[in-house]
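Visitor: Below is one structure. I have some questions about it.
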Amino acid sequence: MLESFRQRLLQAMGSPRDLPSWREHVLQAMLTLILVLGAVVALPSMALAWDRSLYPVLLLDVLALLLVGGLRQARQLPFRTRAGGLLVLIHLLGTALLWWVGLVGQAYLMMVPVLAILLLSSRAALMLLLANVLTWLLLGAAAYWGLGALHLNLQDPAAFTVIALNSLLADVLMVSAAAAMLHGLQVVLSEHHRAEDTFRLMAAQVPGVIFRLCIQGKERRFTYVSPGVERLYGLQPEEVLQDPQALERQRHPDDRDGLQTLIASARRDGQPIATEFRILARDGQIKWVELTTAPPEETPEGLVRMGLIIDVTERKRAEAALRESEARWKLALECAGDGVWDWDLVSGVEVFSDRFREMYGLDAVSVPDLAAAMDERTHPDDRASMAQARADHLEGRSPSYVHEHRILCKDGSWKWVLSRGMVIARDAQGRPLRMIGTHTDISRRKQSEAVIWRQAHFDTLTGLPNRHMLRLRLEEEVERCLASGQTLALMLIDLDRFKEVNDTLGHGHGDLLLVEAAQRITRCVRQTDTVARMGGDEFTVLLPQVSTQEQIDDLAHRIIGRLREPFALGAERVHVTASIGIALAPADAQTIDDLLKHADQALYVAKDGGRNGFRYFTPALQEVAQTRMRLANDLHDALPGHQLEVHYQPIVHLASGTVRKAEALLRWHHPSRGMVSPAQFIPIAESTGLIRDIGEWVFQQAMAQVAHWRAVHDPGFNVSINKSPVQFRLGEQAHAWPEQLHQRGLPGDCMTVEITEGLLLDASAEVSRQLTQMRQAGMHVAMDDFGTGYSSLSYLHRHPIDILKIDQAFVRDLGPGSPTLALCKAIIRMAHELGMQVVAEGVETPTQRDLLAEAGCDYGQGYLFARPMPAEVLDGWLRERQSLPASND
């Protein structure tokens with residue numbers, strides 16, 4: 001507490017740049033200190049005076065405090081007037097106390113000359129010393145002759161004289177010490193000013209910016225900025241001193257986040273900073289600068305960091321030029337450890353490095369230095385595409401040669417390699433003469449891709465085909481049955497009361513039951529039939545080329561009977577039943593979606609009718625379609641009736657906990673039905689074509705909102721918006737989304753368009769054109785619900801995808817060692833290899849978040865962080881989050 005008071009007092013006195021200004025600070029601080037401490041001392045003094053009927057002392061204390069307060073407030077008066085008034089007041093107070101009280105007044109008289117030399121001058125101190133002598137003489141004489149009330153209790157003049165001389169001696173010693181201190185202070189200040197002038201002169205010659213930055217909590221201020229800031233930034237030093245954010249605003253937008261993270265980390269850890277980044281000077285130039293600072297130092301002003309910013313633009317340009325000149329060698333140098341080849345295109349001689357031959361277990365005898373020798377060891381299925389890629393580069397259609405193919409090793413195995421090369425010499429006519437390149441072993445990556453392909457097409461728990469694989473087979477069989485006139489049956493099988501098994505015995509026993517159920521169903525069908533797991537406890541059986549209904553009935557009874565048999569799950573014995581919905585093609589439907597929909601409607605009836613049975617789709621089930629039609633009619637009035645609203649769900653960066661993204665989600669508040677699920681009305685909007693106007697309205701809302709959030713919260717804020725496949729097929733409105741962003745003055749990277757995998761299943765030229773147009777405008781493209789639909793590596797390769805969103809079905813069961821964790825890791829690794837970011841949906845627990853972050857997932861979205869909310873609520877949520885300390889929650 002005392003230390004805190006000392007620091008505040010020293011701060012009030014200020015840092016002495018010169019003696020007059022320092023004296024002004026000291027006077028004001030002394031007046032404040034006298035006023036505070038005097039009030040504390042006056043209370044017992046006034047009480048004692050009242051008790052002993054010393055009413056003049058009581059009045060004197062009150063008047064003295066009032067006069068000190070007046071001098072403190074009257075800063076408009078000249079300094080010498082206020083200082084002299086204080087000295088006179090203290091002198092009179094000491095004299096009066098000597099007169100009425102006793103030796104207590106001696107301290108006040110001794111204080112006056114010391115304060116005089118501190119606040120005024122040596123001459124004023126000498127005059128007040130003489131005044132003290134005169135006061136002592138007068139008071140002593142009055143007491144001796146019995147003319148006053150001096151309470152000294154002295155019986156003779158000799159004793160009085162000794163006390164007076166000793167007081168005077170002590171006073172002279174204190175004044176002398178203060179005079180010596182002031183002389184030393186004046187010398188130090190003079191030296192300081194000379195050193196400061198020398199520093200400023202030297203700093204003005206530095207080709208950069210020297211600065212001193214003080215940090216107190218969230219407040220930052222520059223106390224010094226060298227003149228070099230004008231040459232480097234185009235700013236005046238006074239602008240930076242008055243506006244601490246001036247230099248930050250000049251940072252290049254692409255470098256701001258990374259630099260801010262680095263600075264925050266260095267401040268938190270008390271480390272120095274050494275980094276390079278780009279700035280935008282006032283004249284529009286982009287410059288590279290190097291920032292170097294010392295570690296932050298704790299001072300009474302707060303944390304102080306000294307630093308230097310210098311222009312390194314020319315050095316960066318030289319480095320870029322050097323990299324460009326070395327481009328032809330870069331590939332071989334970066335791939336140290338890979339196999340290197342050097343091909344003379346005229347002679348056909350191709351020299352291979354030792355590492356090249358070691359990759360395949362070959363030697364110079366088995367493979368001579370000829371290009372044809374390695375071509376012969378290339379897998380026959382890969383030779384045509386390899387020749388085409390090679391020709392494209394040699395004929396100038398591609399900047400470099402890149403191809404993946406298999407090479408036959410000496411032990412008879414095939415090794416996947418990535419071959420990269422570049423022509424480094426051409427003749428006068430431009431014909432290639434020499435080409436160099438490398439072979440990189442990518443066998444592990446190919447194995448991982450094969451694992452991912454299987455995981456994308458087959459259920460990881462049961463090994464059955466998943467929804468995507470089922471759809472591929474449905475496409476083939478539906479097309480075949482329509483062409484041949486034969487009947488195809490589709491069964492949807494749902495395990496009754498399966499949830500009870502999970503809830504009572506746990507998911508481990510539930511998984512065992514699903515595996516056994518898959519095996520039982522598989523043993524019931526023909527080899528030509530397909531059994532798939534749709535997800536959860538739902539299975540599908542595809543029966544092509546069925547001749548009679550009895551054949552279908554027999555299979556349904558057989559499956560129900562086998563699933564009704566008890567399941568031995570470890571030490572537990574469990575009974576479940578099954579409900580089956582059946583739809584036929586072409587009788588009930590002629591498209592995949594209709595067939596699945598009708599089978600699902602039949603399954604609903606089977607479960608609603610008591611379970612443990614099967615039902616066929618019938619026209620009576622069209623009641624559901626009628627309800628759908630009513631919703632479709634009402635949906636026409638939703639947009640003009642202001643029944644639609646857009647909610648936003650934050651997307652959190654898992655590594656830092658920052659929120660710079662949100663997803664726009666449409667909500668329908670029906671006047672009589674209440675809130676209608678998007679799962680109900682979005683398909684209706686797509687089938688009726690209303691999705692075009694509704695989607696455009698949602699885009700307008702999101703565009704206005706992201707402009708607001710970029711202005712208020714973060715200039716890099718991004719909003720994701722879903723775009724239906726139907727919207728792509730219907731074409732664009734009068735103005736495409738990139739054009740609208742441009743007209744509004746917004747960059748393309750403020751929006752992310754989320755698409756479904758179904759869109760890419762049969763992407764037309766129009767779809768590809770729109771996706772390319774978005775990417776060229778800087779907009780991001782995200783694939784939503786990855787892994788549950790029609791995932792294909794070829795889609796990711798052919799189309800401009802920036803972000804993969806892992807479906808919440810994978811996140812829901814995420815746990816240490818769970819199958820879904822391995823799948824998520826594989827998806828994240830694949831996405832990063834392809835240069836994509838990953839967002840995990842449905843994050844609801846800290847465990848899920850931590851596992852995803854550990855796996856390298858970039859972003860998370862789910863109820864753990866926040867539910868979807870109206871824009872104004874999210875606005876407040878963002879403000880509240882920004883005011884809190886950084887967190888990963």
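Residues in the structure tokens are named by chain (A, B, ... in the order shown) and by number from 1 within that chain; ligands are numbered from 1 in the order shown.
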Which residues, written as number ranges by chain, have at least one atom at most 12 Å from A:Ala606, with only C-alpha atoms counted and residues fewer than 3 positions away on the same chain left out?

Guide: A: 491-496, 577-582, 599-603, 609-617, 621

Visitor: How would you write, as a PyMOL selection string, the set of residues in stretch 288-422 of chain A that DSSP gives as strand (DSSP E or B)?

Guide: chain A and resi 288-293+297-299+302-311+336+338-344+349-352+370+378+401-408+414-422

Visitor: Please measure the separation of atom CA of A:Leu804 and atom CA of A:Ile827, giving the value in Å to one decimal.

Guide: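 Here the two named atoms are 8.6 Å from each other.
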
Visitor: Identify which of the residues A:Ser448, A:Thr275, A:Thr528, A:Asn466 lies closest to A:Thr292, counting only C-alpha atoms when measuring atom-to-atom distances.

Guide: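 For A:Thr292, the nearest of the candidates is A:Thr275.
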
Visitor: Which residues, written as an MDAnalysis selection string, have at least one atom at most 8 Å from A:Glu754, with only C-alpha atoms counted and residues fewer than 5 positions away on the same chain left out?

Guide: chainID A and resid 720:723 781:784

Visitor: Could you check how far atom CA of A:Thr81 sits from atom CA of A:Leu65, in Å to one decimal?

Guide: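 Going from atom CA of A:Thr81 over to atom CA of A:Leu65, I get 17.6 Å.
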
Visitor: Under the rule that only C-alpha atoms are counted, which of A:Leu67, A:Ala664, A:Leu834, A:Val698 is the nearest residue to A:Leu644?

Guide: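 Nearest candidate to A:Leu644 out of A:Leu67, A:Ala664, A:Leu834, A:Val698: A:Val698.
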
Visitor: Would you mind listing what lies within 10 Å of A:Arg220 as a list in words, with only C-alpha atoms counted and same-chain residues fewer than 4 positions away left out?

Guide: Leu213, Cys214, Ile215, Gln216, Asp243, Pro244, Gln245, Gly302, Leu303 and Val304 of chain A

Visitor: Any idea what's packed within 12 Å of A:Pro715, counting only C-alpha atoms, ignoring anything in its chain fewer than 5 positions away? Could you give it as a list in words?

Guide: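 Skipping anything fewer than 5 positions along the chain leaves Arg249, His252, Pro253, Asp254, Arg256, Asp257, Arg660, Lys661, Val706, Ala707, His708, Trp709, Arg710, Leu746, Pro747, Asp749 and Cys750 of chain A.
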
Visitor: Write out the residues from the selection above, keeping N, CA and C atoms, as a PDB file, in the first residue's frame.

Guide:
```pdb
ATOM      1  N   ARG A 249      -2.870   0.327 -38.600  1.00  0.00           N
ATOM      2  CA  ARG A 249      -3.737   0.441 -39.782  1.00  0.00           C
ATOM      3  C   ARG A 249      -2.956   0.373 -41.083  1.00  0.00           C
ATOM      4  N   HIS A 252      -0.300  -4.583 -43.872  1.00  0.00           N
ATOM      5  CA  HIS A 252      -0.973  -5.251 -44.989  1.00  0.00           C
ATOM      6  C   HIS A 252      -2.053  -6.182 -44.438  1.00  0.00           C
ATOM      7  N   PRO A 253      -3.282  -6.157 -45.007  1.00  0.00           N
ATOM      8  CA  PRO A 253      -4.378  -6.987 -44.470  1.00  0.00           C
ATOM      9  C   PRO A 253      -4.012  -8.460 -44.335  1.00  0.00           C
ATOM     10  N   ASP A 254      -3.213  -8.982 -45.290  1.00  0.00           N
ATOM     11  CA  ASP A 254      -2.887 -10.412 -45.245  1.00  0.00           C
ATOM     12  C   ASP A 254      -1.910 -10.763 -44.126  1.00  0.00           C
ATOM     13  N   ARG A 256      -1.889  -9.016 -41.034  1.00  0.00           N
ATOM     14  CA  ARG A 256      -2.301  -8.460 -39.739  1.00  0.00           C
ATOM     15  C   ARG A 256      -2.520  -9.528 -38.686  1.00  0.00           C
ATOM     16  N   ASP A 257      -3.253 -10.575 -39.018  1.00  0.00           N
ATOM     17  CA  ASP A 257      -3.604 -11.579 -38.015  1.00  0.00           C
ATOM     18  C   ASP A 257      -2.363 -12.286 -37.480  1.00  0.00           C
ATOM     19  N   ARG A 660     -14.067 -15.344 -36.317  1.00  0.00           N
ATOM     20  CA  ARG A 660     -14.070 -14.432 -37.455  1.00  0.00           C
ATOM     21  C   ARG A 660     -14.956 -14.968 -38.567  1.00  0.00           C
ATOM     22  N   LYS A 661     -15.770 -15.975 -38.234  1.00  0.00           N
ATOM     23  CA  LYS A 661     -16.648 -16.581 -39.215  1.00  0.00           C
ATOM     24  C   LYS A 661     -17.994 -16.903 -38.569  1.00  0.00           C
ATOM     25  N   VAL A 706     -22.439  -8.968 -43.004  1.00  0.00           N
ATOM     26  CA  VAL A 706     -20.981  -9.109 -42.962  1.00  0.00           C
ATOM     27  C   VAL A 706     -20.308  -7.749 -43.145  1.00  0.00           C
ATOM     28  N   ALA A 707     -20.939  -6.847 -43.900  1.00  0.00           N
ATOM     29  CA  ALA A 707     -20.393  -5.498 -44.022  1.00  0.00           C
ATOM     30  C   ALA A 707     -20.388  -4.803 -42.664  1.00  0.00           C
ATOM     31  N   HIS A 708     -21.478  -4.996 -41.902  1.00  0.00           N
ATOM     32  CA  HIS A 708     -21.563  -4.397 -40.567  1.00  0.00           C
ATOM     33  C   HIS A 708     -20.511  -4.984 -39.641  1.00  0.00           C
ATOM     34  N   TRP A 709     -20.390  -6.320 -39.619  1.00  0.00           N
ATOM     35  CA  TRP A 709     -19.447  -6.956 -38.697  1.00  0.00           C
ATOM     36  C   TRP A 709     -18.005  -6.633 -39.063  1.00  0.00           C
ATOM     37  N   ARG A 710     -17.729  -6.478 -40.367  1.00  0.00           N
ATOM     38  CA  ARG A 710     -16.365  -6.105 -40.755  1.00  0.00           C
ATOM     39  C   ARG A 710     -16.043  -4.693 -40.289  1.00  0.00           C
ATOM     40  N   LEU A 746     -17.416  -4.685 -51.183  1.00  0.00           N
ATOM     41  CA  LEU A 746     -16.955  -5.750 -50.299  1.00  0.00           C
ATOM     42  C   LEU A 746     -16.032  -6.685 -51.060  1.00  0.00           C
ATOM     43  N   PRO A 747     -14.958  -7.174 -50.409  1.00  0.00           N
ATOM     44  CA  PRO A 747     -14.082  -8.145 -51.073  1.00  0.00           C
ATOM     45  C   PRO A 747     -14.751  -9.508 -51.140  1.00  0.00           C
ATOM     46  N   ASP A 749     -13.556 -12.331 -50.333  1.00  0.00           N
ATOM     47  CA  ASP A 749     -13.258 -13.252 -49.240  1.00  0.00           C
ATOM     48  C   ASP A 749     -14.107 -13.001 -48.005  1.00  0.00           C
ATOM     49  N   CYS A 750     -15.076 -12.072 -48.081  1.00  0.00           N
ATOM     50  CA  CYS A 750     -15.974 -11.879 -46.946  1.00  0.00           C
ATOM     51  C   CYS A 750     -17.082 -12.924 -46.931  1.00  0.00           C
TER      52      CYS A 750
END
```

Visitor: Work out how far atom CA of A:Arg667 is from atom CA of A:Tyr648, in Å to one decimal.

Guide: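 According to the coordinates, atom CA of A:Tyr648 and atom CA of A:Arg667 are separated by 10.2 Å.
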
Visitor: Give me the residues within 8 Å of A:Pro237 as a list of chain:residue names, counting only C-alpha atoms and dropping any in the same chain fewer than 5 places off.

Guide: A:Val225, A:Ser226, A:Pro227, A:Val229, A:Glu230
